[in-house]
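work31.cif, holding mmCIF, C-alpha atoms and all ligand atoms:
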```cif
data_structure
loop_
_atom_site.group_PDB
_atom_site.id
_atom_site.type_symbol
_atom_site.label_atom_id
_atom_site.label_comp_id
_atom_site.auth_asym_id
_atom_site.auth_seq_id
_atom_site.Cartn_x
_atom_site.Cartn_y
_atom_site.Cartn_z
ATOM 1 C CA MET A 14 -19.982 -7.479 -23.669
ATOM 2 C CA GLN A 15 -16.596 -8.158 -25.173
ATOM 3 C CA LYS A 16 -15.791 -11.757 -26.123
ATOM 4 C CA LEU A 17 -12.554 -13.678 -26.463
ATOM 5 C CA SER A 18 -10.946 -13.361 -29.871
ATOM 6 C CA ALA A 19 -10.510 -16.607 -31.818
ATOM 7 C CA GLU A 20 -6.839 -16.590 -30.867
ATOM 8 C CA GLN A 21 -7.617 -16.060 -27.177
ATOM 9 C CA ARG A 22 -10.228 -18.830 -27.253
ATOM 10 C CA THR A 23 -7.675 -21.250 -28.632
ATOM 11 C CA GLN A 24 -5.043 -20.198 -26.105
ATOM 12 C CA TRP A 25 -7.539 -20.580 -23.276
ATOM 13 C CA ALA A 26 -8.491 -24.093 -24.398
ATOM 14 C CA VAL A 27 -4.960 -25.273 -25.128
ATOM 15 C CA ASP A 28 -2.850 -23.455 -22.507
ATOM 16 C CA GLY A 29 -5.380 -22.755 -19.739
ATOM 17 C CA TYR A 30 -4.478 -19.081 -19.340
ATOM 18 C CA LEU A 31 -4.479 -15.715 -21.135
ATOM 19 C CA CYS A 32 -2.592 -12.450 -20.786
ATOM 20 C CA ILE A 33 -4.545 -9.196 -21.211
ATOM 21 C CA GLU A 34 -1.943 -6.531 -21.884
ATOM 22 C CA GLY A 35 -2.524 -3.050 -20.478
ATOM 23 C CA ALA A 36 -5.620 -3.942 -18.449
ATOM 24 C CA LEU A 37 -4.770 -1.144 -15.992
ATOM 25 C CA LYS A 38 -3.702 2.403 -16.948
ATOM 26 C CA SER A 39 -0.445 3.807 -15.591
ATOM 27 C CA GLU A 40 -2.175 6.099 -13.080
ATOM 28 C CA GLU A 41 -4.164 3.101 -11.808
ATOM 29 C CA ILE A 42 -0.992 1.067 -11.383
ATOM 30 C CA ASP A 43 0.482 3.833 -9.219
ATOM 31 C CA PHE A 44 -2.771 4.201 -7.319
ATOM 32 C CA PHE A 45 -3.151 0.514 -6.485
ATOM 33 C CA SER A 46 0.526 0.206 -5.674
ATOM 34 C CA ASN A 47 0.243 3.076 -3.165
ATOM 35 C CA GLU A 48 -2.918 1.545 -1.702
ATOM 36 C CA ILE A 49 -1.078 -1.709 -1.062
ATOM 37 C CA ASP A 50 1.746 0.202 0.611
ATOM 38 C CA ASN A 51 -0.795 2.095 2.730
ATOM 39 C CA PHE A 52 -2.744 -0.871 4.029
ATOM 40 C CA ARG A 53 0.437 -2.518 5.256
ATOM 41 C CA SER A 54 -0.002 -0.387 8.379
ATOM 42 C CA LEU A 55 -3.732 -1.233 8.714
ATOM 43 C CA PRO A 56 -5.429 -4.293 10.240
ATOM 44 C CA GLY A 57 -6.343 -7.157 7.931
ATOM 45 C CA TRP A 58 -6.150 -10.856 7.092
ATOM 46 C CA GLU A 59 -2.687 -12.333 6.620
ATOM 47 C CA PRO A 60 -1.082 -15.773 6.921
ATOM 48 C CA ILE A 61 0.257 -16.287 10.440
ATOM 49 C CA SER A 62 3.185 -18.566 9.950
ATOM 50 C CA GLY A 63 2.940 -21.883 11.787
ATOM 51 C CA MET A 64 -0.086 -20.844 13.881
ATOM 52 C CA LEU A 65 -2.989 -21.744 11.605
ATOM 53 C CA PRO A 66 -3.835 -24.701 9.371
ATOM 54 C CA ARG A 67 -2.354 -24.512 5.877
ATOM 55 C CA GLY A 68 -3.740 -21.745 3.705
ATOM 56 C CA HIS A 69 -5.735 -20.086 6.527
ATOM 57 C CA TYR A 70 -5.430 -16.385 7.317
ATOM 58 C CA GLY A 71 -5.509 -14.670 10.697
ATOM 59 C CA TRP A 72 -6.474 -11.096 11.681
ATOM 60 C CA VAL A 73 -3.409 -8.917 12.305
ATOM 61 C CA ASP A 74 -3.083 -5.281 13.494
ATOM 62 C CA LYS A 75 -0.657 -4.547 10.685
ATOM 63 C CA CYS A 76 1.769 -6.313 8.361
ATOM 64 C CA ALA A 77 4.760 -7.649 10.322
ATOM 65 C CA ASP A 78 7.217 -5.762 8.098
ATOM 66 C CA GLN A 79 6.391 -2.126 7.261
ATOM 67 C CA ASN A 80 9.052 -1.929 4.541
ATOM 68 C CA THR A 81 7.033 -1.572 1.323
ATOM 69 C CA GLU A 82 9.527 -3.836 -0.462
ATOM 70 C CA ALA A 83 9.004 -6.685 2.036
ATOM 71 C CA PHE A 84 6.693 -9.696 1.679
ATOM 72 C CA MET A 85 2.991 -9.145 2.237
ATOM 73 C CA ASP A 86 -0.012 -11.403 1.561
ATOM 74 C CA ARG A 87 -3.232 -9.550 2.427
ATOM 75 C CA ARG A 88 -6.652 -11.180 1.837
ATOM 76 C CA ASP A 89 -10.102 -9.636 1.543
ATOM 77 C CA ILE A 90 -8.955 -6.198 0.382
ATOM 78 C CA LEU A 91 -12.243 -4.748 -0.921
ATOM 79 C CA SER A 92 -12.890 -2.538 2.113
ATOM 80 C CA TYR A 93 -9.634 -0.583 1.785
ATOM 81 C CA ASN A 94 -10.833 1.579 -1.105
ATOM 82 C CA GLN A 95 -13.861 1.900 -3.392
ATOM 83 C CA ALA A 96 -11.489 1.269 -6.303
ATOM 84 C CA PHE A 97 -11.040 -2.330 -5.157
ATOM 85 C CA ILE A 98 -14.817 -2.824 -5.405
ATOM 86 C CA GLU A 99 -14.910 -1.234 -8.861
ATOM 87 C CA LEU A 100 -12.192 -3.623 -10.033
ATOM 88 C CA ILE A 101 -14.526 -6.610 -9.476
ATOM 89 C CA ASP A 102 -16.244 -6.073 -12.821
ATOM 90 C CA ARG A 103 -13.656 -4.101 -14.729
ATOM 91 C CA LYS A 104 -14.693 -4.420 -18.344
ATOM 92 C CA GLU A 105 -11.365 -5.355 -19.945
ATOM 93 C CA VAL A 106 -11.074 -8.436 -17.730
ATOM 94 C CA PHE A 107 -14.579 -9.200 -16.435
ATOM 95 C CA ASP A 108 -16.155 -9.442 -19.905
ATOM 96 C CA LEU A 109 -13.682 -12.165 -20.822
ATOM 97 C CA ILE A 110 -14.216 -13.985 -17.529
ATOM 98 C CA VAL A 111 -17.965 -14.062 -18.231
ATOM 99 C CA ASP A 112 -17.312 -15.337 -21.748
ATOM 100 C CA ILE A 113 -15.163 -18.124 -20.275
ATOM 101 C CA MET A 114 -17.249 -19.007 -17.196
ATOM 102 C CA GLY A 115 -20.779 -18.098 -18.240
ATOM 103 C CA PRO A 116 -23.057 -15.783 -16.226
ATOM 104 C CA ASN A 117 -23.771 -17.967 -13.165
ATOM 105 C CA ILE A 118 -20.784 -16.743 -11.216
ATOM 106 C CA ILE A 119 -19.895 -15.103 -7.923
ATOM 107 C CA PHE A 120 -16.834 -13.211 -6.706
ATOM 108 C CA SER A 121 -14.964 -15.427 -4.268
ATOM 109 C CA MET A 122 -11.773 -13.735 -3.052
ATOM 110 C CA SER A 123 -9.458 -10.751 -3.316
ATOM 111 C CA GLN A 124 -5.807 -10.588 -2.397
ATOM 112 C CA ALA A 125 -2.730 -8.384 -2.669
ATOM 113 C CA ILE A 126 0.673 -10.065 -2.692
ATOM 114 C CA VAL A 127 4.092 -8.456 -2.529
ATOM 115 C CA ARG A 128 6.941 -10.844 -3.377
ATOM 116 C CA ALA A 129 10.144 -9.433 -1.874
ATOM 117 C CA SER A 130 13.416 -9.666 -3.759
ATOM 118 C CA GLY A 131 16.278 -11.741 -2.386
ATOM 119 C CA ASP A 132 14.489 -13.199 0.639
ATOM 120 C CA GLY A 133 15.316 -16.794 -0.300
ATOM 121 C CA PHE A 134 11.728 -17.766 -1.163
ATOM 122 C CA PRO A 135 12.112 -20.375 -3.951
ATOM 123 C CA GLY A 136 8.565 -20.100 -5.301
ATOM 124 C CA TYR A 137 6.110 -22.977 -5.530
ATOM 125 C CA THR A 138 3.525 -24.568 -7.818
ATOM 126 C CA HIS A 139 -0.075 -25.519 -7.061
ATOM 127 C CA THR A 140 -3.611 -25.556 -8.427
ATOM 128 C CA ASP A 141 -6.294 -23.346 -6.855
ATOM 129 C CA GLY A 142 -9.078 -24.364 -4.498
ATOM 130 C CA GLY A 143 -7.166 -26.697 -2.187
ATOM 131 C CA GLU A 144 -7.409 -30.462 -1.918
ATOM 132 C CA GLY A 145 -10.936 -30.797 -3.376
ATOM 133 C CA GLN A 146 -10.492 -28.748 -6.522
ATOM 134 C CA ARG A 147 -7.078 -30.285 -7.092
ATOM 135 C CA GLU A 148 -8.964 -33.438 -8.113
ATOM 136 C CA ILE A 149 -11.129 -31.589 -10.655
ATOM 137 C CA ARG A 150 -9.918 -30.627 -14.099
ATOM 138 C CA VAL A 151 -11.538 -29.026 -17.100
ATOM 139 C CA MET A 152 -11.746 -30.058 -20.753
ATOM 140 C CA GLU A 153 -11.122 -27.782 -23.713
ATOM 141 C CA THR A 154 -14.847 -27.200 -24.057
ATOM 142 C CA SER A 155 -16.033 -27.059 -20.441
ATOM 143 C CA ARG A 156 -16.600 -24.023 -18.251
ATOM 144 C CA PRO A 157 -14.072 -23.889 -15.394
ATOM 145 C CA ILE A 158 -15.248 -24.059 -11.770
ATOM 146 C CA ALA A 159 -13.070 -21.106 -10.794
ATOM 147 C CA VAL A 160 -10.929 -18.545 -12.577
ATOM 148 C CA LYS A 161 -8.454 -16.029 -11.201
ATOM 149 C CA ALA A 162 -7.399 -12.653 -12.562
ATOM 150 C CA MET A 163 -3.912 -11.591 -11.528
ATOM 151 C CA TYR A 164 -3.075 -7.909 -12.131
ATOM 152 C CA LEU A 165 0.633 -7.112 -12.276
ATOM 153 C CA LEU A 166 1.527 -3.850 -10.535
ATOM 154 C CA SER A 167 5.259 -4.257 -11.285
ATOM 155 C CA ASP A 168 7.156 -4.942 -14.497
ATOM 156 C CA VAL A 169 8.476 -8.531 -14.585
ATOM 157 C CA GLU A 170 11.300 -8.485 -17.092
ATOM 158 C CA GLY A 171 13.346 -11.684 -16.836
ATOM 159 C CA PRO A 172 13.463 -15.063 -15.101
ATOM 160 C CA ASP A 173 13.414 -15.360 -11.307
ATOM 161 C CA CYS A 174 11.810 -11.932 -10.895
ATOM 162 C CA GLY A 175 8.812 -13.256 -8.925
ATOM 163 C CA ASN A 176 7.266 -14.299 -12.249
ATOM 164 C CA PHE A 177 3.843 -15.831 -12.451
ATOM 165 C CA THR A 178 4.883 -19.307 -13.593
ATOM 166 C CA VAL A 179 2.626 -21.690 -15.477
ATOM 167 C CA PHE A 180 2.683 -25.140 -17.010
ATOM 168 C CA PRO A 181 0.794 -24.499 -20.275
ATOM 169 C CA GLY A 182 -1.859 -27.148 -20.880
ATOM 170 C CA SER A 183 -1.581 -28.527 -17.337
ATOM 171 C CA HIS A 184 -5.215 -27.638 -16.551
ATOM 172 C CA MET A 185 -6.117 -30.921 -18.205
ATOM 173 C CA ARG A 186 -3.645 -33.093 -16.248
ATOM 174 C CA PRO A 187 -3.631 -34.139 -12.575
ATOM 175 C CA ILE A 188 -1.072 -32.106 -10.655
ATOM 176 C CA GLN A 189 1.845 -34.136 -9.287
ATOM 177 C CA PHE A 190 1.610 -32.646 -5.816
ATOM 178 C CA ASN A 191 3.453 -35.379 -3.953
ATOM 179 C CA GLN A 192 6.728 -35.447 -5.912
ATOM 180 C CA ASP A 193 10.116 -35.194 -4.210
ATOM 181 C CA PRO A 194 11.466 -32.681 -5.018
ATOM 182 C CA PRO A 195 8.083 -30.992 -5.512
ATOM 183 C CA VAL A 196 6.974 -29.688 -8.899
ATOM 184 C CA GLY A 197 8.122 -26.055 -8.921
ATOM 185 C CA PRO A 198 8.924 -23.033 -11.048
ATOM 186 C CA ASN A 199 12.117 -24.642 -12.369
ATOM 187 C CA THR A 200 10.642 -28.064 -13.209
ATOM 188 C CA PRO A 201 10.834 -28.875 -16.950
ATOM 189 C CA GLY A 202 7.658 -27.619 -18.632
ATOM 190 C CA ALA A 203 7.353 -24.541 -16.393
ATOM 191 C CA VAL A 204 7.191 -21.177 -18.169
ATOM 192 C CA GLN A 205 8.084 -18.095 -16.154
ATOM 193 C CA LEU A 206 5.871 -15.416 -17.717
ATOM 194 C CA THR A 207 7.159 -11.888 -18.121
ATOM 195 C CA GLY A 208 4.907 -8.856 -18.341
ATOM 196 C CA LYS A 209 4.412 -5.174 -17.744
ATOM 197 C CA ALA A 210 2.748 -3.491 -14.814
ATOM 198 C CA GLY A 211 -0.929 -3.208 -15.765
ATOM 199 C CA ASP A 212 -1.079 -6.564 -17.553
ATOM 200 C CA CYS A 213 -3.536 -9.145 -16.276
ATOM 201 C CA TYR A 214 -3.256 -12.933 -16.419
ATOM 202 C CA ILE A 215 -6.507 -14.880 -16.406
ATOM 203 C CA PHE A 216 -6.130 -18.554 -15.520
ATOM 204 C CA SER A 217 -8.154 -21.631 -14.699
ATOM 205 C CA HIS A 218 -8.212 -23.063 -11.165
ATOM 206 C CA ALA A 219 -6.833 -26.307 -12.581
ATOM 207 C CA LEU A 220 -3.710 -24.798 -14.175
ATOM 208 C CA TRP A 221 -0.472 -25.714 -12.389
ATOM 209 C CA HIS A 222 0.850 -22.303 -11.451
ATOM 210 C CA GLY A 223 2.572 -20.191 -8.818
ATOM 211 C CA PRO A 224 5.275 -17.634 -8.162
ATOM 212 C CA ALA A 225 8.962 -18.020 -9.074
ATOM 213 C CA ALA A 226 11.792 -16.821 -6.839
ATOM 214 C CA ASN A 227 12.413 -13.090 -6.963
ATOM 215 C CA ASN A 228 16.042 -12.058 -7.388
ATOM 216 C CA SER A 229 15.244 -8.963 -9.466
ATOM 217 C CA GLY A 230 16.346 -6.423 -6.858
ATOM 218 C CA LYS A 231 12.805 -5.046 -6.460
ATOM 219 C CA ALA A 232 9.521 -6.238 -4.984
ATOM 220 C CA ARG A 233 6.851 -7.676 -7.293
ATOM 221 C CA LYS A 234 3.336 -6.499 -6.458
ATOM 222 C CA THR A 235 0.087 -8.039 -7.655
ATOM 223 C CA LEU A 236 -3.658 -7.979 -7.090
ATOM 224 C CA LEU A 237 -5.613 -11.225 -7.362
ATOM 225 C CA TYR A 238 -9.381 -11.480 -7.928
ATOM 226 C CA ASN A 239 -11.075 -14.874 -7.970
ATOM 227 C CA TYR A 240 -14.440 -15.837 -9.494
ATOM 228 C CA CYS A 241 -16.244 -19.155 -9.150
ATOM 229 C CA GLN A 242 -19.471 -20.793 -10.237
ATOM 230 C CA MET A 243 -22.212 -19.574 -7.901
ATOM 231 C CA PHE A 244 -22.907 -22.954 -6.291
ATOM 232 C CA MET A 245 -19.410 -22.870 -4.788
ATOM 233 C CA ARG A 246 -19.945 -19.639 -2.783
ATOM 234 C CA CYS A 247 -17.207 -17.251 -1.604
ATOM 235 C CA TYR A 248 -13.894 -18.121 0.002
ATOM 236 C CA ASP A 249 -13.354 -14.776 1.698
ATOM 237 C CA PHE A 250 -16.594 -14.070 3.558
ATOM 238 C CA LYS A 251 -18.984 -16.094 5.694
ATOM 239 C CA ASP A 252 -21.833 -13.699 4.932
ATOM 240 C CA ILE A 253 -22.426 -11.003 2.336
ATOM 241 C CA PRO A 254 -19.642 -8.488 3.130
ATOM 242 C CA GLU A 255 -20.453 -4.999 4.440
ATOM 243 C CA VAL A 256 -18.824 -3.371 1.397
ATOM 244 C CA VAL A 257 -21.874 -4.477 -0.581
ATOM 245 C CA GLU A 258 -23.455 -1.159 0.481
ATOM 246 C CA HIS A 259 -20.987 0.635 -1.770
ATOM 247 C CA ALA A 260 -21.402 -1.658 -4.752
ATOM 248 C CA SER A 261 -23.369 -1.391 -8.007
ATOM 249 C CA PRO A 262 -26.240 -3.872 -8.593
ATOM 250 C CA ARG A 263 -23.973 -6.164 -10.608
ATOM 251 C CA GLN A 264 -21.186 -5.963 -8.051
ATOM 252 C CA ARG A 265 -23.758 -6.652 -5.305
ATOM 253 C CA ARG A 266 -24.831 -9.813 -7.093
ATOM 254 C CA LEU A 267 -21.217 -10.865 -7.492
ATOM 255 C CA LEU A 268 -20.736 -10.311 -3.756
ATOM 256 C CA GLY A 269 -23.548 -12.748 -3.041
ATOM 257 C CA ASP A 270 -26.580 -10.445 -2.703
ATOM 258 C CA LEU A 271 -29.237 -12.384 -4.601
ATOM 259 C CA GLY A 272 -31.927 -9.783 -3.971
ATOM 260 C CA TYR A 273 -33.724 -11.923 -1.369
ATOM 261 C CA ASP A 274 -32.927 -13.447 2.019
ATOM 262 C CA PHE A 275 -30.999 -16.677 2.172
ATOM 263 C CA ARG A 276 -33.055 -19.855 2.022
ATOM 264 C CA PRO A 277 -32.130 -23.456 1.221
ATOM 265 C CA GLY A 278 -31.771 -23.524 -2.540
ATOM 266 C CA SER A 279 -30.159 -20.093 -2.767
ATOM 267 C CA TYR A 280 -26.968 -20.186 -4.853
ATOM 268 C CA PHE A 281 -28.124 -23.551 -6.294
ATOM 269 C CA TYR A 282 -30.495 -22.371 -8.993
ATOM 270 C CA VAL A 283 -29.529 -18.764 -9.658
ATOM 271 C CA PRO A 284 -31.906 -15.751 -9.440
ATOM 272 C CA ASP A 285 -34.215 -15.276 -12.443
ATOM 273 C CA ASP A 286 -32.412 -12.137 -13.547
ATOM 274 C CA GLN A 287 -28.889 -13.573 -13.165
ATOM 275 C CA THR A 288 -27.932 -13.465 -16.845
ATOM 276 C CA GLU A 289 -29.260 -9.924 -17.381
ATOM 277 C CA MET A 290 -27.597 -8.760 -14.161
ATOM 278 C CA ILE A 291 -24.198 -10.144 -15.065
ATOM 279 C CA MET A 292 -24.429 -8.976 -18.660
ATOM 280 C CA GLY A 293 -25.164 -5.482 -17.298
ATOM 281 C CA VAL A 294 -28.615 -5.057 -18.873
ATOM 282 C CA VAL A 295 -30.542 -4.412 -15.613
HETATM 283 O O1 LIG A 301 2.431 -15.133 -7.834
HETATM 284 C C1 LIG A 301 2.028 -15.166 -6.685
HETATM 285 O O2 LIG A 301 2.480 -14.445 -5.827
HETATM 286 C C2 LIG A 301 0.964 -16.149 -6.301
HETATM 287 C C3 LIG A 301 -0.119 -16.269 -7.304
HETATM 288 C C4 LIG A 301 -0.786 -17.580 -7.190
HETATM 289 O O3 LIG A 301 -0.170 -18.566 -7.322
HETATM 290 C C5 LIG A 301 -2.193 -17.668 -6.907
HETATM 291 O O4 LIG A 301 -2.837 -16.644 -6.710
HETATM 292 O O5 LIG A 301 -2.745 -18.767 -6.834
#
```

As structure tokens, how would this structure be written, given the file I've shared?
Amino acid sequence: MQKLSAEQRTQWAVDGYLCIEGALKSEEIDFFSNEIDNFRSLPGWEPISGMLPRGHYGWVDKCADQNTEAFMDRRDILSYNQAFIELIDRKEVFDLIVDIMGPNIIFSMSQAIVRASGDGFPGYTHTDGGEGQREIRVMETSRPIAVKAMYLLSDVEGPDCGNFTVFPGSHMRPIQFNQDPPVGPNTPGAVQLTGKAGDCYIFSHALWHGPAANNSGKARKTLLYNYCQMFMRCYDFKDIPEVVEHASPRQRRLLGDLGYDFRPGSYFYVPDDQTEMIMGVV
């Protein structure tokens, strides 16, 4: 499997994120972009404003706004197309995630976000994994608990274009989540990243990050795939998801199929063949 270059390893340790340019081909960008537009009209998990506890998603018949340029935040997207399952272990990104996290990992969530232009959303900054993980940071030399891959499906060419915004190096500092005004994409130290459709950002759960406002005149579309150490389990599914039937052995393992029925101790010590399975040699 491919490994981080020396330069990438340093950037990962120092900044807490990487950009993989051209991770998706142009026909894949169009394909995934169309898929996102298509499942707007299909049932799925979305935030239901004001009706659920923070960060929880509810089942909706369709996205509230059918305009493909409007906001959408759809979770658990693997069942919409086989291509979303295949993306779980896409070589250009997955190899590097394994190099960073080690082999004892599981796939924990998938998401498609469309950030509309000009809707007044100011952006926000957070760390991943909610209140608990917010208290946990990594060192330069430690494996992270969780890592996200964010695939850009739109070009992001200037500031305030819905940019993925990061505070380089912040994965090693406690996030100041109770400031007034809150830490955000225009706080000193924030870097609004630009990129091309097809690029992929890989970042640690502990990095202060989030979207910037989008005043670009066009929607910004992304896919987000999250991986965590196996002991943490998945965020998106209570049980092994049905899509596992359409997955390769490695994808099955990443979706939580250990090859035996659940018993206390499962996901604690990993299956005997975990390293070979993740490295793709079984
Ligand atoms: O840029 C976005 O739309 C949100 C990405 C993000 O902050 C996250 O996935 O945690």

Practice prompt. Using all atoms listed in the file, pick whichever of A:Met243, A:Val283, A:Leu55, A:Ala210 has the shortest atom-to-atom distance to A:Ser39.
Written response: A:Ala210

Around ligand LIG 301 (chain A), with edges along x, y and z and 8 Å added on all six sides, what centre and edge lengths do you get, in Å to one decimal, as lines of an AutoDock Vina configuration file?
```
center_x = -0.2
center_y = -16.6
center_z = -6.8
size_x = 21.3
size_y = 20.3
size_z = 18.0
```

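Note that atom CA of A:Asp89 and atom CA of A:Asp28 are 28.7 Å apart.
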
Worksheet entry | Nearest-residue call for A:Ser18, choices A:Asp43, A:Asp78, A:Asp86, A:Asp112, using all atoms listed in the file | A:Asp112

Discussion item. Let me see if you get this right: every residue at most 9 Å from ligand LIG 301 (chain A), counting all atoms listed in the file, written as a PyMOL selection string.
Written reply: chain A and resi 86+124-128+136-142+161-163+175-178+218+221-225+233-239

Stretch 23-122 of chain A near stretch 261-276 of chain A within 10 Å: what's each residue's closest atom pair and its distance in Å to one decimal, counting all atoms listed in the file, ordered by chain then ascending residue number, as a Markdown table?
```
| residue | atom | partner | partner_atom | distance |
| --- | --- | --- | --- | --- |
| A:Ile98 | CA | A:Gln264 | CA | 7.6 |
| A:Glu99 | CA | A:Gln264 | CA | 7.9 |
| A:Leu100 | CA | A:Gln264 | CA | 9.5 |
| A:Ile101 | CA | A:Gln264 | CA | 6.8 |
| A:Asp102 | CA | A:Gln264 | CA | 6.9 |
| A:Asn117 | CA | A:Leu267 | CA | 9.4 |
| A:Ile118 | CA | A:Leu267 | CA | 7.0 |
| A:Ile119 | CA | A:Leu267 | CA | 4.5 |
| A:Phe120 | CA | A:Leu267 | CA | 5.0 |
| A:Ser121 | CA | A:Leu268 | CA | 7.7 |
| A:Met122 | CA | A:Leu268 | CA | 9.6 |
```

Go ahead and write the residues just picked, C-alpha atoms, as a CSV table (one decimal), in the frame of the given file.
```csv
chain,number,residue,atom,x,y,z
A,98,ILE,CA,-14.8,-2.8,-5.4
A,99,GLU,CA,-14.9,-1.2,-8.9
A,100,LEU,CA,-12.2,-3.6,-10.0
A,101,ILE,CA,-14.5,-6.6,-9.5
A,102,ASP,CA,-16.2,-6.1,-12.8
A,117,ASN,CA,-23.8,-18.0,-13.2
A,118,ILE,CA,-20.8,-16.7,-11.2
A,119,ILE,CA,-19.9,-15.1,-7.9
A,120,PHE,CA,-16.8,-13.2,-6.7
A,121,SER,CA,-15.0,-15.4,-4.3
A,122,MET,CA,-11.8,-13.7,-3.1
```

Item to complete: Have a look at atom CA of A:Gly208 and atom CA of A:Val169 and let me know their distance in Å, one decimal.
Response: 5.2 Å

Item to complete: Carefully work through the PyMOL selection byres (((chain A and resi 105) around 9) and not hetatm) for this structure and note down the residues it includes, as a list of chain:residue names.
Response: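 For this structure, the PyMOL selection byres (((chain A and resi 105) around 9) and not hetatm) resolves to A:Gln15, A:Ile33, A:Ala36, A:Leu37, A:Asp102, A:Arg103, A:Lys104, A:Val106, A:Phe107, A:Asp108, A:Leu109.
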
Fill in: Near-A:Asp173 list (6 Å; all atoms listed in the file; drop same-chain fewer than 4 positions) as a PyMOL selection string
chain A and resi 225-228

Worksheet item: Looking at A:Val27, A:Ser62, A:Phe180, A:Phe134, which one is nearest to A:Pro201, with distances taken over only C-alpha atoms?
Response: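 Closest to A:Pro201, using only C-alpha atoms: A:Phe180.
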
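Atom CA of A:Tyr214 is found 24.2 Å from atom CA of A:His69.
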
For stretch 185-198 of chain A, supply N, CA, C and O atoms and report the output as a short mmCIF file (atom, residue, chain, number, x, y, z; two decimals), in the frame of the given file.
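Here's the written file part.cif:
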```
data_model
loop_
_atom_site.label_atom_id
_atom_site.label_comp_id
_atom_site.auth_asym_id
_atom_site.auth_seq_id
_atom_site.Cartn_x
_atom_site.Cartn_y
_atom_site.Cartn_z
N MET A 185 -5.44 -29.69 -17.83
CA MET A 185 -6.12 -30.92 -18.20
C MET A 185 -5.37 -32.16 -17.69
O MET A 185 -5.68 -33.28 -18.10
N ARG A 186 -4.39 -31.94 -16.80
CA ARG A 186 -3.64 -33.09 -16.25
C ARG A 186 -3.67 -33.03 -14.72
O ARG A 186 -3.63 -31.93 -14.15
N PRO A 187 -3.68 -34.19 -14.04
CA PRO A 187 -3.63 -34.14 -12.58
C PRO A 187 -2.30 -33.57 -12.11
O PRO A 187 -1.25 -33.95 -12.66
N ILE A 188 -2.33 -32.67 -11.13
CA ILE A 188 -1.07 -32.11 -10.66
C ILE A 188 -0.31 -33.15 -9.84
O ILE A 188 -0.90 -33.90 -9.06
N GLN A 189 0.99 -33.19 -10.02
CA GLN A 189 1.84 -34.14 -9.29
C GLN A 189 2.27 -33.45 -7.99
O GLN A 189 3.37 -32.93 -7.87
N PHE A 190 1.36 -33.46 -7.01
CA PHE A 190 1.61 -32.65 -5.82
C PHE A 190 2.45 -33.36 -4.77
O PHE A 190 2.87 -32.76 -3.80
N ASN A 191 2.71 -34.66 -4.99
CA ASN A 191 3.45 -35.38 -3.95
C ASN A 191 4.84 -35.83 -4.43
O ASN A 191 5.38 -36.81 -3.96
N GLN A 192 5.40 -35.09 -5.40
CA GLN A 192 6.73 -35.45 -5.91
C GLN A 192 7.81 -34.99 -4.95
O GLN A 192 7.64 -34.04 -4.20
N ASP A 193 8.98 -35.61 -5.00
CA ASP A 193 10.12 -35.19 -4.21
C ASP A 193 11.34 -35.17 -5.14
O ASP A 193 11.78 -36.23 -5.59
N PRO A 194 11.89 -33.99 -5.47
CA PRO A 194 11.47 -32.68 -5.02
C PRO A 194 10.13 -32.29 -5.63
O PRO A 194 9.75 -32.82 -6.68
N PRO A 195 9.41 -31.36 -4.99
CA PRO A 195 8.08 -30.99 -5.51
C PRO A 195 8.16 -30.32 -6.87
O PRO A 195 9.18 -29.70 -7.20
N VAL A 196 7.09 -30.44 -7.65
CA VAL A 196 6.97 -29.69 -8.90
C VAL A 196 7.07 -28.21 -8.54
O VAL A 196 6.42 -27.75 -7.60
N GLY A 197 7.92 -27.47 -9.27
CA GLY A 197 8.12 -26.06 -8.92
C GLY A 197 8.43 -25.22 -10.14
O GLY A 197 8.38 -25.72 -11.28
N PRO A 198 8.75 -23.96 -9.92
CA PRO A 198 8.92 -23.03 -11.05
C PRO A 198 10.14 -23.32 -11.93
O PRO A 198 10.28 -22.71 -12.98
#
```
